[in-house]
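Peer 1: Input run_25.cif, format and content: mmCIF, C-alpha atoms.
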data_upload
loop_
_atom_site.group_PDB
_atom_site.id
_atom_site.type_symbol
_atom_site.label_atom_id
_atom_site.label_comp_id
_atom_site.auth_asym_id
_atom_site.auth_seq_id
_atom_site.Cartn_x
_atom_site.Cartn_y
_atom_site.Cartn_z
ATOM 1 C CA SER A 127 0.000 0.000 0.000
ATOM 2 C CA GLN A 128 1.119 3.572 -0.606
ATOM 3 C CA GLN A 129 2.933 5.496 2.101
ATOM 4 C CA GLY A 130 1.365 8.827 1.240
ATOM 5 C CA GLU A 131 -2.283 9.354 0.459
ATOM 6 C CA GLU A 132 -3.749 12.680 -0.601
ATOM 7 C CA ASP A 133 -7.169 13.999 0.207
ATOM 8 C CA PRO A 134 -9.303 15.043 -1.595
ATOM 9 C CA GLN A 135 -8.779 13.166 -4.845
ATOM 10 C CA ALA A 136 -10.127 16.150 -6.763
ATOM 11 C CA LEU A 137 -10.859 19.751 -5.905
ATOM 12 C CA SER A 138 -12.580 22.447 -7.956
ATOM 13 C CA ILE A 139 -12.533 26.074 -6.832
ATOM 14 C CA GLN A 140 -12.970 29.583 -8.188
ATOM 15 C CA GLU A 141 -10.034 31.806 -8.955
ATOM 16 C CA GLY A 142 -9.058 33.804 -5.903
ATOM 17 C CA GLU A 143 -10.161 31.153 -3.415
ATOM 18 C CA ASN A 144 -7.757 29.144 -1.279
ATOM 19 C CA ALA A 145 -7.079 25.476 -1.968
ATOM 20 C CA THR A 146 -6.131 23.008 0.745
ATOM 21 C CA MET A 147 -4.837 19.517 0.100
ATOM 22 C CA ASN A 148 -3.958 16.965 2.737
ATOM 23 C CA CYS A 149 -1.505 14.100 2.843
ATOM 24 C CA SER A 150 -1.344 11.248 5.340
ATOM 25 C CA TYR A 151 1.474 8.758 5.704
ATOM 26 C CA LYS A 152 2.193 5.664 7.731
ATOM 27 C CA THR A 153 5.830 5.458 8.836
ATOM 28 C CA SER A 154 8.448 7.842 10.239
ATOM 29 C CA ILE A 155 9.929 10.240 7.725
ATOM 30 C CA ASN A 156 13.030 12.357 7.164
ATOM 31 C CA ASN A 157 11.113 14.893 5.129
ATOM 32 C CA LEU A 158 7.939 15.363 3.125
ATOM 33 C CA GLN A 159 7.867 17.009 -0.279
ATOM 34 C CA TRP A 160 5.113 18.450 -2.444
ATOM 35 C CA TYR A 161 5.224 18.351 -6.234
ATOM 36 C CA ARG A 162 3.009 19.785 -8.973
ATOM 37 C CA GLN A 163 2.320 18.136 -12.304
ATOM 38 C CA ASN A 164 0.771 20.024 -15.187
ATOM 39 C CA SER A 165 -1.053 17.962 -17.793
ATOM 40 C CA GLY A 166 1.369 16.093 -20.026
ATOM 41 C CA ARG A 167 4.455 17.268 -18.148
ATOM 42 C CA GLY A 168 6.816 15.970 -15.518
ATOM 43 C CA LEU A 169 6.609 16.714 -11.812
ATOM 44 C CA VAL A 170 7.974 19.968 -10.482
ATOM 45 C CA HIS A 171 9.198 20.276 -6.913
ATOM 46 C CA LEU A 172 7.321 22.874 -4.846
ATOM 47 C CA ILE A 173 8.461 22.649 -1.262
ATOM 48 C CA LEU A 174 10.258 20.353 1.172
ATOM 49 C CA ILE A 175 9.549 20.247 4.897
ATOM 50 C CA ARG A 176 11.815 18.364 7.267
ATOM 51 C CA SER A 177 10.535 16.175 10.069
ATOM 52 C CA ASN A 178 11.637 18.705 12.703
ATOM 53 C CA GLU A 179 9.761 21.559 11.011
ATOM 54 C CA ARG A 180 6.101 22.356 11.561
ATOM 55 C CA GLU A 181 5.390 24.976 8.921
ATOM 56 C CA LYS A 182 7.009 26.334 5.811
ATOM 57 C CA HIS A 183 6.116 29.069 3.339
ATOM 58 C CA SER A 184 7.039 29.700 -0.275
ATOM 59 C CA GLY A 185 5.218 32.522 -2.029
ATOM 60 C CA ARG A 186 1.515 31.617 -2.031
ATOM 61 C CA LEU A 187 2.238 28.140 -0.691
ATOM 62 C CA ARG A 188 2.028 27.142 2.945
ATOM 63 C CA VAL A 189 2.870 23.637 4.091
ATOM 64 C CA THR A 190 2.314 22.247 7.559
ATOM 65 C CA LEU A 191 3.548 18.996 9.018
ATOM 66 C CA ASP A 192 2.182 17.176 12.050
ATOM 67 C CA THR A 193 4.419 14.189 12.746
ATOM 68 C CA SER A 194 2.258 13.062 15.674
ATOM 69 C CA LYS A 195 -0.692 12.654 13.307
ATOM 70 C CA LYS A 196 1.512 11.647 10.377
ATOM 71 C CA SER A 197 -0.107 14.234 8.166
ATOM 72 C CA SER A 198 0.716 17.292 6.095
ATOM 73 C CA SER A 199 -1.307 19.942 4.337
ATOM 74 C CA LEU A 200 -0.601 22.177 1.364
ATOM 75 C CA LEU A 201 -2.420 25.487 1.210
ATOM 76 C CA ILE A 202 -2.423 27.550 -1.973
ATOM 77 C CA THR A 203 -3.718 31.034 -1.295
ATOM 78 C CA ALA A 204 -5.432 33.325 -3.812
ATOM 79 C CA SER A 205 -5.494 30.591 -6.432
ATOM 80 C CA ARG A 206 -5.081 31.311 -10.135
ATOM 81 C CA ALA A 207 -6.164 29.431 -13.230
ATOM 82 C CA ALA A 208 -2.482 28.580 -13.765
ATOM 83 C CA ASP A 209 -2.530 26.597 -10.504
ATOM 84 C CA THR A 210 -4.696 23.979 -12.228
ATOM 85 C CA ALA A 211 -2.627 20.805 -11.964
ATOM 86 C CA SER A 212 -2.181 17.596 -10.010
ATOM 87 C CA TYR A 213 -0.430 17.873 -6.674
ATOM 88 C CA PHE A 214 1.502 15.032 -5.091
ATOM 89 C CA CYS A 215 3.011 14.545 -1.696
ATOM 90 C CA ALA A 216 6.100 12.379 -1.420
ATOM 91 C CA THR A 217 7.590 11.014 1.756
ATOM 92 C CA ASP A 218 11.265 10.369 2.330
ATOM 93 C CA MET A 219 10.972 7.520 4.784
ATOM 94 C CA GLU A 220 13.343 7.346 7.710
ATOM 95 C CA TYR A 221 14.408 3.825 6.768
ATOM 96 C CA GLY A 222 14.689 3.624 3.038
ATOM 97 C CA ASN A 223 16.481 5.017 0.052
ATOM 98 C CA LYS A 224 13.675 6.500 -1.965
ATOM 99 C CA LEU A 225 10.682 8.820 -2.110
ATOM 100 C CA VAL A 226 7.212 7.305 -1.985
ATOM 101 C CA PHE A 227 4.525 9.252 -3.837
ATOM 102 C CA GLY A 228 0.842 9.419 -3.162
ATOM 103 C CA ALA A 229 -1.837 9.184 -5.838
ATOM 104 C CA GLY A 230 -2.281 12.955 -5.998
ATOM 105 C CA THR A 231 -4.986 15.604 -5.803
ATOM 106 C CA ILE A 232 -6.336 17.041 -9.040
ATOM 107 C CA LEU A 233 -6.919 20.768 -8.594
ATOM 108 C CA ARG A 234 -9.031 22.737 -11.025
ATOM 109 C CA VAL A 235 -9.173 26.506 -10.653
ATOM 110 C CA LYS A 236 -12.004 28.080 -12.623
ATOM 111 C CA SER A 237 -11.658 31.606 -13.941
ATOM 112 C CA ASN B 165 20.431 24.212 -19.169
ATOM 113 C CA ALA B 166 18.156 21.357 -20.276
ATOM 114 C CA GLY B 167 17.737 19.652 -16.882
ATOM 115 C CA VAL B 168 16.429 16.110 -17.406
ATOM 116 C CA THR B 169 15.800 14.974 -20.967
ATOM 117 C CA GLN B 170 13.944 11.804 -21.878
ATOM 118 C CA THR B 171 14.008 10.093 -25.257
ATOM 119 C CA PRO B 172 11.710 9.161 -26.950
ATOM 120 C CA LYS B 173 8.595 11.094 -25.917
ATOM 121 C CA PHE B 174 6.160 8.572 -27.418
ATOM 122 C CA ARG B 175 6.469 4.980 -28.545
ATOM 123 C CA VAL B 176 4.173 2.156 -29.562
ATOM 124 C CA LEU B 177 5.472 -1.391 -29.287
ATOM 125 C CA LYS B 178 4.115 -4.819 -30.019
ATOM 126 C CA THR B 179 4.061 -7.462 -27.308
ATOM 127 C CA GLY B 180 7.433 -9.174 -27.108
ATOM 128 C CA GLN B 181 9.456 -6.351 -28.627
ATOM 129 C CA SER B 182 12.316 -4.767 -26.747
ATOM 130 C CA MET B 183 13.340 -1.167 -26.380
ATOM 131 C CA THR B 184 15.473 1.202 -24.336
ATOM 132 C CA LEU B 185 14.350 4.482 -22.811
ATOM 133 C CA LEU B 186 17.053 7.094 -22.471
ATOM 134 C CA CYS B 187 17.448 9.646 -19.715
ATOM 135 C CA ALA B 188 20.100 12.336 -19.614
ATOM 136 C CA GLN B 189 20.725 14.988 -16.963
ATOM 137 C CA ASP B 190 23.114 17.919 -17.106
ATOM 138 C CA MET B 191 23.051 18.908 -13.426
ATOM 139 C CA ASN B 192 25.848 16.589 -12.277
ATOM 140 C CA HIS B 193 23.423 14.755 -10.002
ATOM 141 C CA GLU B 194 24.515 11.558 -8.318
ATOM 142 C CA TYR B 195 21.080 10.000 -7.931
ATOM 143 C CA MET B 196 18.819 8.994 -10.810
ATOM 144 C CA TYR B 197 15.449 7.259 -10.818
ATOM 145 C CA TRP B 198 12.958 5.616 -13.142
ATOM 146 C CA TYR B 199 9.262 5.734 -12.275
ATOM 147 C CA ARG B 200 6.102 4.652 -13.971
ATOM 148 C CA GLN B 201 2.851 6.543 -13.612
ATOM 149 C CA ASP B 202 -0.474 4.825 -14.054
ATOM 150 C CA PRO B 203 -3.913 6.411 -13.614
ATOM 151 C CA GLY B 204 -4.927 6.765 -9.981
ATOM 152 C CA MET B 205 -1.720 5.232 -8.647
ATOM 153 C CA GLY B 206 0.763 8.064 -8.481
ATOM 154 C CA LEU B 207 4.384 7.273 -9.277
ATOM 155 C CA ARG B 208 5.973 3.934 -8.563
ATOM 156 C CA LEU B 209 9.731 3.497 -8.461
ATOM 157 C CA ILE B 210 11.099 0.931 -10.895
ATOM 158 C CA HIS B 211 14.880 1.198 -10.416
ATOM 159 C CA TYR B 212 17.271 3.797 -9.171
ATOM 160 C CA SER B 213 20.966 4.581 -9.087
ATOM 161 C CA VAL B 214 23.030 6.270 -6.377
ATOM 162 C CA GLY B 215 26.003 6.913 -8.636
ATOM 163 C CA GLU B 216 27.812 5.952 -11.819
ATOM 164 C CA GLY B 217 28.039 2.185 -12.189
ATOM 165 C CA THR B 218 25.416 1.431 -9.526
ATOM 166 C CA THR B 219 21.787 0.355 -9.809
ATOM 167 C CA ALA B 220 19.176 -0.888 -7.353
ATOM 168 C CA LYS B 221 15.643 -2.243 -7.493
ATOM 169 C CA GLY B 222 12.671 -0.148 -6.582
ATOM 170 C CA GLU B 223 9.079 -1.064 -5.910
ATOM 171 C CA VAL B 224 8.183 -2.583 -9.311
ATOM 172 C CA PRO B 225 11.390 -3.822 -10.996
ATOM 173 C CA ASP B 226 10.128 -6.973 -12.710
ATOM 174 C CA GLY B 227 10.357 -6.891 -16.505
ATOM 175 C CA TYR B 228 12.816 -3.973 -16.544
ATOM 176 C CA ASN B 229 16.581 -3.593 -16.515
ATOM 177 C CA VAL B 230 18.711 -0.488 -16.105
ATOM 178 C CA SER B 231 22.255 0.679 -16.620
ATOM 179 C CA ARG B 232 24.226 3.705 -15.448
ATOM 180 C CA LEU B 233 27.494 3.547 -17.378
ATOM 181 C CA LYS B 234 27.933 7.319 -17.315
ATOM 182 C CA LYS B 235 26.964 9.660 -14.509
ATOM 183 C CA GLN B 236 24.729 11.759 -16.724
ATOM 184 C CA ASN B 237 22.798 8.886 -18.317
ATOM 185 C CA PHE B 238 20.362 6.333 -16.952
ATOM 186 C CA LEU B 239 18.883 3.780 -19.328
ATOM 187 C CA LEU B 240 15.722 1.751 -18.798
ATOM 188 C CA GLY B 241 15.287 -1.418 -20.847
ATOM 189 C CA LEU B 242 12.287 -3.569 -21.571
ATOM 190 C CA GLU B 243 13.517 -6.942 -22.801
ATOM 191 C CA SER B 244 10.141 -8.399 -23.823
ATOM 192 C CA ALA B 245 7.368 -5.814 -23.649
ATOM 193 C CA ALA B 246 3.991 -6.786 -22.200
ATOM 194 C CA PRO B 247 0.672 -4.870 -22.328
ATOM 195 C CA SER B 248 0.904 -4.395 -18.535
ATOM 196 C CA GLN B 249 3.917 -2.177 -19.164
ATOM 197 C CA THR B 250 1.793 0.387 -20.998
ATOM 198 C CA SER B 251 2.376 3.495 -18.927
ATOM 199 C CA VAL B 252 4.024 6.876 -18.729
ATOM 200 C CA TYR B 253 7.654 6.574 -17.677
ATOM 201 C CA PHE B 254 9.423 9.362 -15.847
ATOM 202 C CA CYS B 255 13.086 9.796 -15.166
ATOM 203 C CA ALA B 256 14.284 11.977 -12.300
ATOM 204 C CA SER B 257 17.571 12.995 -10.760
ATOM 205 C CA SER B 258 18.719 14.556 -7.512
ATOM 206 C CA TYR B 259 21.930 15.787 -5.959
ATOM 207 C CA SER B 260 21.498 13.545 -2.937
ATOM 208 C CA ARG B 261 18.861 11.241 -1.522
ATOM 209 C CA VAL B 262 17.265 13.924 0.659
ATOM 210 C CA GLN B 263 17.299 16.659 -1.967
ATOM 211 C CA PRO B 264 14.333 17.386 -4.290
ATOM 212 C CA GLN B 265 14.101 15.420 -7.482
ATOM 213 C CA HIS B 266 14.076 16.973 -10.953
ATOM 214 C CA PHE B 267 11.865 15.248 -13.489
ATOM 215 C CA GLY B 268 11.839 14.870 -17.235
ATOM 216 C CA ASP B 269 8.613 15.260 -19.188
ATOM 217 C CA GLY B 270 8.044 11.548 -19.579
ATOM 218 C CA THR B 271 7.886 8.845 -22.214
ATOM 219 C CA ARG B 272 4.415 7.662 -23.154
ATOM 220 C CA LEU B 273 4.685 3.969 -23.993
ATOM 221 C CA SER B 274 1.881 1.848 -25.409
ATOM 222 C CA ILE B 275 2.259 -1.890 -25.861
ATOM 223 C CA LEU B 276 -0.231 -3.609 -28.086
#
Can you dump the structure from the file as structure tokens?
Peer 2:
Amino acid sequence: SQQGEEDPQALSIQEGENATMNCSYKTSINNLQWYRQNSGRGLVHLILIRSNEREKHSGRLRVTLDTSKKSSSLLITASRAADTASYFCATDMEYGNKLVFGAGTILRVKS
Amino acid sequence: NAGVTQTPKFRVLKTGQSMTLLCAQDMNHEYMYWYRQDPGMGLRLIHYSVGEGTTAKGEVPDGYNVSRLKKQNFLLGLESAAPSQTSVYFCASSYSRVQPQHFGDGTRLSIL
């Protein structure tokens, strides 16, 4: 079974609204990363949060990490049509040599 | 600066045929990865390499082989293609294991 699972599977919002996506995982991690994938393209790294960090910001992105609940959230504020994409969380497990990706959240921002 | 380049972008094969997917990176990264992406399943790691001359199995290695003869290149081979290998294949690279990965734009492979 997958280490990281995103919720919701799909999200549709109006331009200007905030979008929140959640990720849950099962085992201890070194860090958790969020990636974006535009249709027909490869994944692009957005933000990395280490296991000893609780919150991180990058532009309109805000990521939180709760290691006690084994969960993370990605908040995109003031969304734009260009934010339409799939968003994946990936966990760097404490014992392992690889990232494990979730199935992703499909975000659609309507203009 | 091209980043990660995958060749070819599209390919259609018949069952039983063989082919090699090429991945090249120009960032001097040590780590390279091959993933497959299927609908609703996210990315699954096929094989990876932690440096020139090394390879290791990932989550779904069966039916695939890899080679890393040069640091900048990582090749994925299908010896006898099967319809179950129809997928989008992504190559990625990173400076170290804990650093973010940089992805190519994928190879869309259909096996009839």
Peer 1: Once the PyMOL selection byres ((chain B and resi 214-218) around 6) has been applied to the shown file, what residues remain in the selection, as a CSV table (one decimal) with C-alpha atoms, in the frame of the given file?
Peer 2:
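Final file, result-v2.csv:
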chain,number,residue,atom,x,y,z
B,194,GLU,CA,24.5,11.6,-8.3
B,195,TYR,CA,21.1,10.0,-7.9
B,213,SER,CA,21.0,4.6,-9.1
B,219,THR,CA,21.8,0.4,-9.8
B,232,ARG,CA,24.2,3.7,-15.4
B,233,LEU,CA,27.5,3.5,-17.4
B,234,LYS,CA,27.9,7.3,-17.3
B,235,LYS,CA,27.0,9.7,-14.5
Peer 1: Give me, as JSON, numbers by chain, the residues of chain A touching chain B, with the criterion being at most 6 Å (counting only C-alpha atoms).
Peer 2: {"A": [167, 168, 169, 227, 228, 229]}
Peer 1: For the file shown, what are the residues hit by the PyMOL selection byres ((chain B and resi 182) around 6), laid out as JSON, numbers by chain?
Peer 2: {"B": [181, 183, 242, 243, 244, 245]}
Peer 1: Have a look at A:Val226, A:Val170, A:Ala136, A:Leu187 and name the one nearest to A:Leu158; count all atoms listed in the file.
Peer 2: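 Ranking A:Val226, A:Val170, A:Ala136, A:Leu187 by distance to A:Leu158, first place goes to A:Val226.
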Peer 1: What do you get, as a count of residues only, if you spell out every residue that the PyMOL selection byres ((chain A and resi 174) around 9) selects here?
Peer 2: 13
Peer 1: Between atom CA of A:Asn223 and atom CA of A:Tyr151, what distance in Å does the model show, to one decimal?
Peer 2: 16.5 Å
Peer 1: Using only C-alpha atoms, can you tell me which of A:Thr203, A:Ser212, A:Thr231, A:Thr217 comes closest to A:Gly142?
Peer 2: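 Using only C-alpha atoms, the shortest distance to A:Gly142 belongs to A:Thr203.
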Peer 1: Quick check, in Å to one decimal: how far apart do atom CA of A:Thr210 and atom CA of A:Glu131 lie?
Peer 2: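 Distance reported for this atom pair: 19.5 Å.
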Peer 1: I'd like to know which of A:Lys152, A:Arg162, A:Lys224, A:Arg206 is closest to A:Ile139, using all atoms listed in the file.
Peer 2: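 Nearest to A:Ile139: A:Arg206.
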Peer 1: What does the structure give for the distance between atom CA of B:Tyr199 and atom CA of A:Asp133, in Å to one decimal?
Peer 2: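 Atom-to-atom, atom CA of B:Tyr199 and atom CA of A:Asp133 are spaced 22.2 Å apart.
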Peer 1: Mind checking which residues fall within 12 Å of A:Glu141, counting all atoms listed in the file, ignoring those fewer than 2 positions away in the same chain, and posting them as an MDAnalysis selection string?
Peer 2: chainID A and resid 138:139 143:145 202:210 233:237
Peer 1: Padding of 6 Å on every side, edges along x, y and z, all listed atoms of stretch 164-182 of chain A included: what centre and edge lengths in Å, to one decimal, does that box have, as JSON?
Peer 2:
{"center_x": 5.4, "center_y": 21.2, "center_z": -3.7, "size_x": 24.9, "size_y": 22.4, "size_z": 44.7}
